[in-house]
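Trainee: Let me begin by handing over the structure; questions about it come next.
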Amino acid sequence: MSPSAGVPGRLMPHTVTIVAPAAVTDPYGNTTYDYGPAAIRTAARAWLEQMQRTAVTTVGADPLQARWLLVTAATVPRRARIEWPAAPGGPITFEVDGQPGPFYNPLAMAAAASAEPHHTELTLKVIDG
């Protein structure tokens, strides 16, 4: 649960749980993803920020839909869910919206003699229910 060499811990004050689903086959032979007890849960330090602060007013859209930014040094699989139990309004569960994006910092890479990403940025959406 430690931050990367490039991201100071003080910049990632939130503790989240990354939930990597277990791939299972349903009775029809389709692959589905299980986020229950079979999933792998990993604690990680992160920065969470709400990106969308206004209600969605498009006809037929869910007015409670919201987008968040997550910044972390941890590896986050594409189909992961993020649990934030200590959110200010109570526990929140997110799903990753799109591909997790590595962020590279050429100066930090040169200083550390590393080709590893500086951190990962993800767009999240809240899961209701």
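Each chain in the structure tokens gets a letter, A, B and so on, in the order shown; residues start at 1 in every chain, and ligands are counted from 1 in the order they appear.
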Please build the interface table for segment 39-126 of chain A against segment 7-25 of chain A with a cut-off of 10 Å, listing for each qualifying residue the nearest atom pair and the distance in Å to one decimal; count only C-alpha atoms, order rows by chain and increasing number, and write it as a Markdown table.

Mentor:
```
| residue | atom | partner | partner_atom | distance |
| --- | --- | --- | --- | --- |
| A:Ala39 | CA | A:Pro21 | CA | 4.5 |
| A:Ile40 | CA | A:Ala20 | CA | 5.1 |
| A:Arg41 | CA | A:Val19 | CA | 4.6 |
| A:Thr42 | CA | A:Ile18 | CA | 5.1 |
| A:Ala43 | CA | A:Thr17 | CA | 4.5 |
| A:Ala44 | CA | A:Val16 | CA | 5.4 |
| A:Arg45 | CA | A:Thr15 | CA | 4.8 |
| A:Ala46 | CA | A:Met12 | CA | 4.5 |
| A:Trp47 | CA | A:Met12 | CA | 4.7 |
| A:Leu48 | CA | A:His14 | CA | 7.1 |
| A:Leu70 | CA | A:Met12 | CA | 9.8 |
| A:Val71 | CA | A:Met12 | CA | 7.8 |
| A:Thr72 | CA | A:Met12 | CA | 7.3 |
| A:Ala73 | CA | A:Val7 | CA | 7.3 |
| A:Ala74 | CA | A:Ile18 | CA | 8.8 |
| A:Thr75 | CA | A:Ile18 | CA | 8.9 |
| A:Val76 | CA | A:Ile18 | CA | 6.9 |
| A:Pro77 | CA | A:Ala20 | CA | 6.5 |
| A:Arg78 | CA | A:Ala20 | CA | 8.6 |
| A:Arg79 | CA | A:Ala20 | CA | 6.9 |
| A:Ala80 | CA | A:Ala20 | CA | 4.7 |
| A:Arg81 | CA | A:Val19 | CA | 5.1 |
| A:Ile82 | CA | A:Ile18 | CA | 4.9 |
| A:Glu83 | CA | A:Thr17 | CA | 5.0 |
| A:Trp84 | CA | A:Val16 | CA | 4.9 |
| A:Pro85 | CA | A:Val16 | CA | 7.2 |
| A:Ala86 | CA | A:Thr15 | CA | 7.8 |
| A:Ala87 | CA | A:His14 | CA | 8.7 |
| A:Ile92 | CA | A:Val16 | CA | 9.9 |
| A:Thr93 | CA | A:Thr17 | CA | 9.5 |
| A:Phe94 | CA | A:Ile18 | CA | 9.8 |
| A:Glu95 | CA | A:Val19 | CA | 9.5 |
| A:Ala108 | CA | A:Val7 | CA | 9.8 |
| A:His118 | CA | A:Val7 | CA | 7.2 |
| A:His119 | CA | A:Val7 | CA | 7.3 |
```

Trainee: So which residues of chain A fall under strand (DSSP E) by DSSP, listed as a ChimeraX atom specification?

Mentor: /A:14-20,22-25,31-34,40-50,67-72,81-84,92-96,101-103,119-126

Trainee: Could you write those residues out with C-alpha atoms, as a CSV table (one decimal), in the first residue's frame?

Mentor:
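Result file follows (part_29.csv):
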```csv
chain,number,residue,atom,x,y,z
A,14,HIS,CA,-7.3,8.3,0.6
A,15,THR,CA,-7.3,4.6,1.2
A,16,VAL,CA,-9.3,2.6,-1.3
A,17,THR,CA,-9.8,-1.1,-2.1
A,18,ILE,CA,-9.1,-2.3,-5.6
A,19,VAL,CA,-11.4,-5.2,-6.4
A,20,ALA,CA,-10.2,-7.4,-9.3
A,22,ALA,CA,-12.8,-13.4,-10.6
A,23,ALA,CA,-13.7,-14.6,-14.1
A,24,VAL,CA,-16.4,-17.3,-14.0
A,25,THR,CA,-18.4,-19.2,-16.6
A,31,THR,CA,-17.6,-15.5,-19.1
A,32,THR,CA,-18.9,-13.2,-16.3
A,33,TYR,CA,-17.2,-11.3,-13.6
A,34,ASP,CA,-17.7,-12.0,-9.8
A,40,ILE,CA,-9.0,-10.3,-5.2
A,41,ARG,CA,-9.1,-7.2,-2.9
A,42,THR,CA,-6.0,-5.0,-2.6
A,43,ALA,CA,-5.7,-1.9,-0.4
A,44,ALA,CA,-4.1,1.1,-2.1
A,45,ARG,CA,-3.3,4.8,-1.5
A,46,ALA,CA,-5.0,7.2,-3.9
A,47,TRP,CA,-6.3,10.7,-4.7
A,48,LEU,CA,-10.0,10.8,-5.5
A,49,GLU,CA,-11.7,13.9,-7.0
A,50,GLN,CA,-15.2,14.4,-8.3
A,67,ARG,CA,-17.7,10.9,-12.8
A,68,TRP,CA,-14.6,10.8,-10.6
A,69,LEU,CA,-10.8,10.9,-11.1
A,70,LEU,CA,-8.6,8.4,-9.3
A,71,VAL,CA,-4.9,8.8,-9.2
A,72,THR,CA,-2.8,6.0,-7.7
A,81,ARG,CA,-14.1,-1.9,-9.1
A,82,ILE,CA,-12.9,0.6,-6.5
A,83,GLU,CA,-14.4,0.7,-3.0
A,84,TRP,CA,-14.0,3.8,-0.9
A,92,ILE,CA,-19.0,4.4,-2.3
A,93,THR,CA,-18.3,1.8,-4.9
A,94,PHE,CA,-17.0,2.8,-8.4
A,95,GLU,CA,-16.4,1.0,-11.6
A,96,VAL,CA,-13.6,1.9,-14.0
A,101,GLY,CA,-4.1,5.4,-18.2
A,102,PRO,CA,-0.5,5.3,-17.2
A,103,PHE,CA,1.1,8.7,-16.6
A,119,HIS,CA,1.2,6.9,-11.6
A,120,THR,CA,-2.1,5.7,-13.1
A,121,GLU,CA,-5.1,7.9,-13.7
A,122,LEU,CA,-8.6,6.4,-14.0
A,123,THR,CA,-12.1,7.8,-14.7
A,124,LEU,CA,-14.6,6.2,-12.4
A,125,LYS,CA,-18.4,6.2,-12.2
A,126,VAL,CA,-20.4,5.5,-9.1
```

Trainee: To one decimal place, how far is atom CA of Leu107 of chain A from atom CA of Met51 of chain A in Å?

Mentor: 27.5 Å

Trainee: What gap, in Å, lies between atom CA of Gln99 of chain A and atom CA of Tyr28 of chain A?

Mentor: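 According to the coordinates, atom CA of Gln99 of chain A and atom CA of Tyr28 of chain A are separated by 27.8 Å.
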
Trainee: Per DSSP on the backbone, filter chain A down to the residues in helix (DSSP H, G or I) and report them as a PDB file with C-alpha atoms, in the first residue's frame.

Mentor:
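Everything below was put into selection.pdb:
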```pdb
ATOM      1  CA  GLY A   9       2.322   9.792   0.182  1.00  0.00           C
ATOM      2  CA  ARG A  10       0.935  13.167   1.299  1.00  0.00           C
ATOM      3  CA  LEU A  11      -0.516  13.594  -2.198  1.00  0.00           C
ATOM      4  CA  PRO A 106      10.294  11.863 -18.111  1.00  0.00           C
ATOM      5  CA  LEU A 107      12.272  13.731 -15.422  1.00  0.00           C
ATOM      6  CA  ALA A 108      11.276  11.293 -12.671  1.00  0.00           C
ATOM      7  CA  MET A 109      11.978   8.343 -14.986  1.00  0.00           C
ATOM      8  CA  ALA A 110      15.467   9.650 -15.750  1.00  0.00           C
ATOM      9  CA  ALA A 111      16.226  10.363 -12.081  1.00  0.00           C
ATOM     10  CA  ALA A 112      15.107   6.873 -11.051  1.00  0.00           C
TER      11      ALA A 112
END
```
